[in-house]
Amino acid sequence: MPAPALAQGRPSTLDMTCGQARGFLAARGAAVLGTGGYTYDRFVRDRSFCEPTQVTRSAFVPTRDTPECLVGYRCIEPGRNWFDDE
């Protein structure tokens with residue numbers, strides 16, 4: 001009888017160097033990455049991984065070797081102030 005499949009944890013940027021996190025995302029195009037504790041987000045290599053109505057915003061994440069690594073981008077709807085930072 002086959003054993004049940006175990007859930008795989010999502011990759012965490014805190015376990016990677018900045019270069020590793022960038023390479024991971026570059027190789028896959030898009031990925032959901034943990035960014036510490038219970039936080040996570042979907043990051044993309046470029047706009048081609050977003051919905052047609054979305055644009056990209058630079059995404060900085062903490063990594064093992066730097067507190068703010070430009071890992072890639074997040075897809076957002078234009079004109080929305082998602083994080084009250086505009």
# chains A, B, ... in the order shown; residues from 1 in each chain; ligands from 1
>>> residues_around(residues="A:Arg45", least_positions_apart="3", cutoff="8 Å", atoms="only C-alpha atoms", output="ChimeraX atom specification")
/A:25-26,29-30,49,72-73
>>> write_last_selection(atoms="all heavy atoms", output="PDB file, in the first residue's frame")
ATOM      1  N   LEU A  25      13.830  32.298  -8.467  1.00  0.00           N
ATOM      2  CA  LEU A  25      12.706  32.921  -9.160  1.00  0.00           C
ATOM      3  C   LEU A  25      12.963  33.033 -10.663  1.00  0.00           C
ATOM      4  O   LEU A  25      12.071  32.790 -11.476  1.00  0.00           O
ATOM      5  CB  LEU A  25      12.421  34.302  -8.572  1.00  0.00           C
ATOM      6  CG  LEU A  25      11.148  34.965  -9.064  1.00  0.00           C
ATOM      7  CD1 LEU A  25       9.924  34.120  -8.775  1.00  0.00           C
ATOM      8  CD2 LEU A  25      11.006  36.336  -8.449  1.00  0.00           C
ATOM      9  N   ALA A  26      14.185  33.364 -11.044  1.00  0.00           N
ATOM     10  CA  ALA A  26      14.520  33.479 -12.471  1.00  0.00           C
ATOM     11  C   ALA A  26      14.317  32.149 -13.196  1.00  0.00           C
ATOM     12  O   ALA A  26      13.830  32.118 -14.323  1.00  0.00           O
ATOM     13  CB  ALA A  26      15.949  33.967 -12.636  1.00  0.00           C
ATOM     14  N   GLY A  29      10.219  31.502 -13.047  1.00  0.00           N
ATOM     15  CA  GLY A  29       9.332  32.506 -13.630  1.00  0.00           C
ATOM     16  C   GLY A  29       8.381  33.097 -12.619  1.00  0.00           C
ATOM     17  O   GLY A  29       8.191  34.297 -12.568  1.00  0.00           O
ATOM     18  N   ALA A  30       7.772  32.256 -11.805  1.00  0.00           N
ATOM     19  CA  ALA A  30       6.858  32.700 -10.752  1.00  0.00           C
ATOM     20  C   ALA A  30       6.899  31.674  -9.635  1.00  0.00           C
ATOM     21  O   ALA A  30       7.042  30.477  -9.889  1.00  0.00           O
ATOM     22  CB  ALA A  30       5.441  32.838 -11.289  1.00  0.00           C
ATOM     23  N   PHE A  49       4.144  36.946 -16.297  1.00  0.00           N
ATOM     24  CA  PHE A  49       3.560  36.012 -15.335  1.00  0.00           C
ATOM     25  C   PHE A  49       2.398  36.629 -14.556  1.00  0.00           C
ATOM     26  O   PHE A  49       1.887  36.034 -13.623  1.00  0.00           O
ATOM     27  CB  PHE A  49       4.642  35.505 -14.374  1.00  0.00           C
ATOM     28  CG  PHE A  49       5.649  34.642 -15.075  1.00  0.00           C
ATOM     29  CD1 PHE A  49       6.803  35.199 -15.597  1.00  0.00           C
ATOM     30  CD2 PHE A  49       5.434  33.290 -15.245  1.00  0.00           C
ATOM     31  CE1 PHE A  49       7.730  34.418 -16.270  1.00  0.00           C
ATOM     32  CE2 PHE A  49       6.355  32.503 -15.908  1.00  0.00           C
ATOM     33  CZ  PHE A  49       7.500  33.068 -16.429  1.00  0.00           C
ATOM     34  N   GLY A  72      12.648  40.191  -7.398  1.00  0.00           N
ATOM     35  CA  GLY A  72      11.889  40.202  -8.649  1.00  0.00           C
ATOM     36  C   GLY A  72      10.761  41.202  -8.510  1.00  0.00           C
ATOM     37  O   GLY A  72      10.983  42.322  -8.053  1.00  0.00           O
ATOM     38  N   TYR A  73       9.541  40.750  -8.822  1.00  0.00           N
ATOM     39  CA  TYR A  73       8.396  41.656  -8.827  1.00  0.00           C
ATOM     40  C   TYR A  73       7.172  40.994  -8.218  1.00  0.00           C
ATOM     41  O   TYR A  73       7.087  39.776  -8.126  1.00  0.00           O
ATOM     42  CB  TYR A  73       8.069  42.076 -10.267  1.00  0.00           C
ATOM     43  CG  TYR A  73       9.232  42.698 -10.964  1.00  0.00           C
ATOM     44  CD1 TYR A  73      10.086  41.931 -11.752  1.00  0.00           C
ATOM     45  CD2 TYR A  73       9.508  44.054 -10.814  1.00  0.00           C
ATOM     46  CE1 TYR A  73      11.179  42.500 -12.378  1.00  0.00           C
ATOM     47  CE2 TYR A  73      10.599  44.628 -11.439  1.00  0.00           C
ATOM     48  CZ  TYR A  73      11.425  43.845 -12.215  1.00  0.00           C
ATOM     49  OH  TYR A  73      12.517  44.415 -12.817  1.00  0.00           O
TER      50      TYR A  73
END
>>> select_by_dssp(residues="chain A", states="strand (DSSP E)", output="list in words")
Ala30, Ala31, Val32, Leu33, Gly34, Thr35, Gly36, Thr39, Tyr40, Asp41, Arg42, Phe43, Val44, Val55, Thr56, Arg57, Ser58, Ala59, Phe60, Val61, Cys69, Leu70, Val71, Gly72, Tyr73, Arg74, Cys75 and Ile76 of chain A
>>> residues_around(residues="A:Pro11", least_positions_apart="3", cutoff="9 Å", atoms="only C-alpha atoms", output="MDAnalysis selection string")
chainID A and resid 8 14:16 31:35
>>> write_last_selection(atoms="C-alpha atoms", output="compact mmCIF listing (two decimals), in the first residue's frame")
# COMPACT_ATOMS: atom_id res chain seq x y z
CA GLN A 8 6.14 20.10 0.92
CA LEU A 14 15.37 33.49 4.82
CA ASP A 15 17.06 30.17 4.01
CA MET A 16 18.61 31.55 0.79
CA ALA A 31 6.82 31.23 -7.25
CA VAL A 32 5.20 31.57 -3.86
CA LEU A 33 7.99 32.19 -1.36
CA GLY A 34 7.92 32.42 2.40
CA THR A 35 9.42 35.67 3.70
>>> atom_distance(atom1="atom CA of A:Ile76", atom2="atom CA of A:Gly9")
25.1 Å
>>> residues_around(residues="stretch 21-23 of chain A", least_positions_apart="3", cutoff="8 Å", atoms="only C-alpha atoms", output="count of residues only")
10
>>> closest_residue(among="A:Gly37, A:Arg28, A:Glu77, A:Cys69", to="A:Arg57", atoms="only C-alpha atoms")
A:Glu77
>>> atom_distance(atom1="atom CA of A:Cys50", atom2="atom CA of A:Cys75")
5.6 Å
>>> select_by_dssp(residues="chain A", states="alpha helix (DSSP H)", output="number ranges by chain")
A: 18-28
>>> write_last_selection(atoms="C-alpha atoms", output="PDB file, in the first residue's frame")
ATOM      1  CA  CYS A  18      19.984  37.037  -2.190  1.00  0.00           C
ATOM      2  CA  GLY A  19      21.608  35.469  -5.265  1.00  0.00           C
ATOM      3  CA  GLN A  20      19.967  32.115  -4.591  1.00  0.00           C
ATOM      4  CA  ALA A  21      16.520  33.709  -4.173  1.00  0.00           C
ATOM      5  CA  ARG A  22      16.917  35.654  -7.420  1.00  0.00           C
ATOM      6  CA  GLY A  23      18.128  32.549  -9.244  1.00  0.00           C
ATOM      7  CA  PHE A  24      15.274  30.448  -7.867  1.00  0.00           C
ATOM      8  CA  LEU A  25      12.706  32.921  -9.160  1.00  0.00           C
ATOM      9  CA  ALA A  26      14.520  33.479 -12.471  1.00  0.00           C
ATOM     10  CA  ALA A  27      14.531  29.732 -13.162  1.00  0.00           C
ATOM     11  CA  ARG A  28      10.832  29.256 -12.396  1.00  0.00           C
TER      12      ARG A  28
END
>>> decode(residues="chain A", atoms="C-alpha atoms", output="PDB file, in the first residue's frame")
ATOM      1  CA  MET A   1       0.000   0.000   0.000  1.00  0.00           C
ATOM      2  CA  PRO A   2       1.540   3.376  -0.986  1.00  0.00           C
ATOM      3  CA  ALA A   3       2.429   5.846   1.740  1.00  0.00           C
ATOM      4  CA  PRO A   4       0.532   9.161   1.746  1.00  0.00           C
ATOM      5  CA  ALA A   5       2.342  12.065   0.159  1.00  0.00           C
ATOM      6  CA  LEU A   6       3.729  14.571   2.615  1.00  0.00           C
ATOM      7  CA  ALA A   7       3.078  18.243   2.055  1.00  0.00           C
ATOM      8  CA  GLN A   8       6.143  20.101   0.918  1.00  0.00           C
ATOM      9  CA  GLY A   9       6.904  23.374   2.662  1.00  0.00           C
ATOM     10  CA  ARG A  10       7.183  26.506   0.585  1.00  0.00           C
ATOM     11  CA  PRO A  11      10.719  27.772  -0.007  1.00  0.00           C
ATOM     12  CA  SER A  12      11.741  30.527   2.386  1.00  0.00           C
ATOM     13  CA  THR A  13      13.827  33.505   1.332  1.00  0.00           C
ATOM     14  CA  LEU A  14      15.368  33.487   4.823  1.00  0.00           C
ATOM     15  CA  ASP A  15      17.057  30.169   4.011  1.00  0.00           C
ATOM     16  CA  MET A  16      18.609  31.552   0.790  1.00  0.00           C
ATOM     17  CA  THR A  17      21.198  34.147  -0.075  1.00  0.00           C
ATOM     18  CA  CYS A  18      19.984  37.037  -2.190  1.00  0.00           C
ATOM     19  CA  GLY A  19      21.608  35.469  -5.265  1.00  0.00           C
ATOM     20  CA  GLN A  20      19.967  32.115  -4.591  1.00  0.00           C
ATOM     21  CA  ALA A  21      16.520  33.709  -4.173  1.00  0.00           C
ATOM     22  CA  ARG A  22      16.917  35.654  -7.420  1.00  0.00           C
ATOM     23  CA  GLY A  23      18.128  32.549  -9.244  1.00  0.00           C
ATOM     24  CA  PHE A  24      15.274  30.448  -7.867  1.00  0.00           C
ATOM     25  CA  LEU A  25      12.706  32.921  -9.160  1.00  0.00           C
ATOM     26  CA  ALA A  26      14.520  33.479 -12.471  1.00  0.00           C
ATOM     27  CA  ALA A  27      14.531  29.732 -13.162  1.00  0.00           C
ATOM     28  CA  ARG A  28      10.832  29.256 -12.396  1.00  0.00           C
ATOM     29  CA  GLY A  29       9.332  32.506 -13.630  1.00  0.00           C
ATOM     30  CA  ALA A  30       6.858  32.700 -10.752  1.00  0.00           C
ATOM     31  CA  ALA A  31       6.821  31.231  -7.250  1.00  0.00           C
ATOM     32  CA  VAL A  32       5.196  31.573  -3.859  1.00  0.00           C
ATOM     33  CA  LEU A  33       7.985  32.194  -1.359  1.00  0.00           C
ATOM     34  CA  GLY A  34       7.921  32.423   2.401  1.00  0.00           C
ATOM     35  CA  THR A  35       9.420  35.666   3.695  1.00  0.00           C
ATOM     36  CA  GLY A  36       9.516  34.984   7.430  1.00  0.00           C
ATOM     37  CA  GLY A  37       7.222  33.426  10.009  1.00  0.00           C
ATOM     38  CA  TYR A  38       3.800  32.912   8.470  1.00  0.00           C
ATOM     39  CA  THR A  39       4.242  35.534   5.733  1.00  0.00           C
ATOM     40  CA  TYR A  40       4.493  34.687   2.056  1.00  0.00           C
ATOM     41  CA  ASP A  41       3.709  36.176  -1.331  1.00  0.00           C
ATOM     42  CA  ARG A  42       3.772  35.344  -5.015  1.00  0.00           C
ATOM     43  CA  PHE A  43       6.760  36.763  -6.863  1.00  0.00           C
ATOM     44  CA  VAL A  44       7.390  36.876 -10.603  1.00  0.00           C
ATOM     45  CA  ARG A  45      10.377  37.248 -12.904  1.00  0.00           C
ATOM     46  CA  ASP A  46       8.570  39.678 -15.226  1.00  0.00           C
ATOM     47  CA  ARG A  47       5.137  40.953 -16.242  1.00  0.00           C
ATOM     48  CA  SER A  48       4.453  37.972 -18.504  1.00  0.00           C
ATOM     49  CA  PHE A  49       3.560  36.012 -15.335  1.00  0.00           C
ATOM     50  CA  CYS A  50       0.866  38.531 -14.308  1.00  0.00           C
ATOM     51  CA  GLU A  51      -2.768  38.817 -15.338  1.00  0.00           C
ATOM     52  CA  PRO A  52      -3.348  41.035 -18.418  1.00  0.00           C
ATOM     53  CA  THR A  53      -4.720  43.889 -16.297  1.00  0.00           C
ATOM     54  CA  GLN A  54      -1.829  43.847 -13.834  1.00  0.00           C
ATOM     55  CA  VAL A  55       1.501  45.649 -13.718  1.00  0.00           C
ATOM     56  CA  THR A  56       4.634  44.841 -11.736  1.00  0.00           C
ATOM     57  CA  ARG A  57       6.110  46.453  -8.664  1.00  0.00           C
ATOM     58  CA  SER A  58       9.639  45.747  -7.426  1.00  0.00           C
ATOM     59  CA  ALA A  59       9.687  43.199  -4.620  1.00  0.00           C
ATOM     60  CA  PHE A  60      12.240  43.368  -1.838  1.00  0.00           C
ATOM     61  CA  VAL A  61      12.479  40.440   0.590  1.00  0.00           C
ATOM     62  CA  PRO A  62      14.713  39.502   3.514  1.00  0.00           C
ATOM     63  CA  THR A  63      17.290  36.828   2.724  1.00  0.00           C
ATOM     64  CA  ARG A  64      20.003  35.093   4.715  1.00  0.00           C
ATOM     65  CA  ASP A  65      22.623  37.664   3.712  1.00  0.00           C
ATOM     66  CA  THR A  66      20.669  40.912   3.251  1.00  0.00           C
ATOM     67  CA  PRO A  67      17.560  42.492   4.812  1.00  0.00           C
ATOM     68  CA  GLU A  68      16.253  43.880   1.487  1.00  0.00           C
ATOM     69  CA  CYS A  69      17.006  41.815  -1.605  1.00  0.00           C
ATOM     70  CA  LEU A  70      15.411  42.789  -4.923  1.00  0.00           C
ATOM     71  CA  VAL A  71      14.170  39.299  -5.736  1.00  0.00           C
ATOM     72  CA  GLY A  72      11.889  40.202  -8.649  1.00  0.00           C
ATOM     73  CA  TYR A  73       8.396  41.656  -8.827  1.00  0.00           C
ATOM     74  CA  ARG A  74       4.865  41.391  -7.474  1.00  0.00           C
ATOM     75  CA  CYS A  75       1.828  41.626  -9.744  1.00  0.00           C
ATOM     76  CA  ILE A  76      -0.569  44.395  -8.752  1.00  0.00           C
ATOM     77  CA  GLU A  77      -3.654  46.069 -10.171  1.00  0.00           C
ATOM     78  CA  PRO A  78      -2.728  49.609 -11.276  1.00  0.00           C
ATOM     79  CA  GLY A  79      -4.318  52.481  -9.422  1.00  0.00           C
ATOM     80  CA  ARG A  80      -4.770  50.529  -6.217  1.00  0.00           C
ATOM     81  CA  ASN A  81      -2.866  51.577  -3.126  1.00  0.00           C
ATOM     82  CA  TRP A  82      -2.471  48.063  -1.677  1.00  0.00           C
ATOM     83  CA  PHE A  83       0.108  48.858   0.977  1.00  0.00           C
ATOM     84  CA  ASP A  84      -0.539  52.586   1.504  1.00  0.00           C
ATOM     85  CA  ASP A  85       2.934  53.348   0.193  1.00  0.00           C
ATOM     86  CA  GLU A  86       2.230  55.613  -2.767  1.00  0.00           C
TER      87      GLU A  86
END
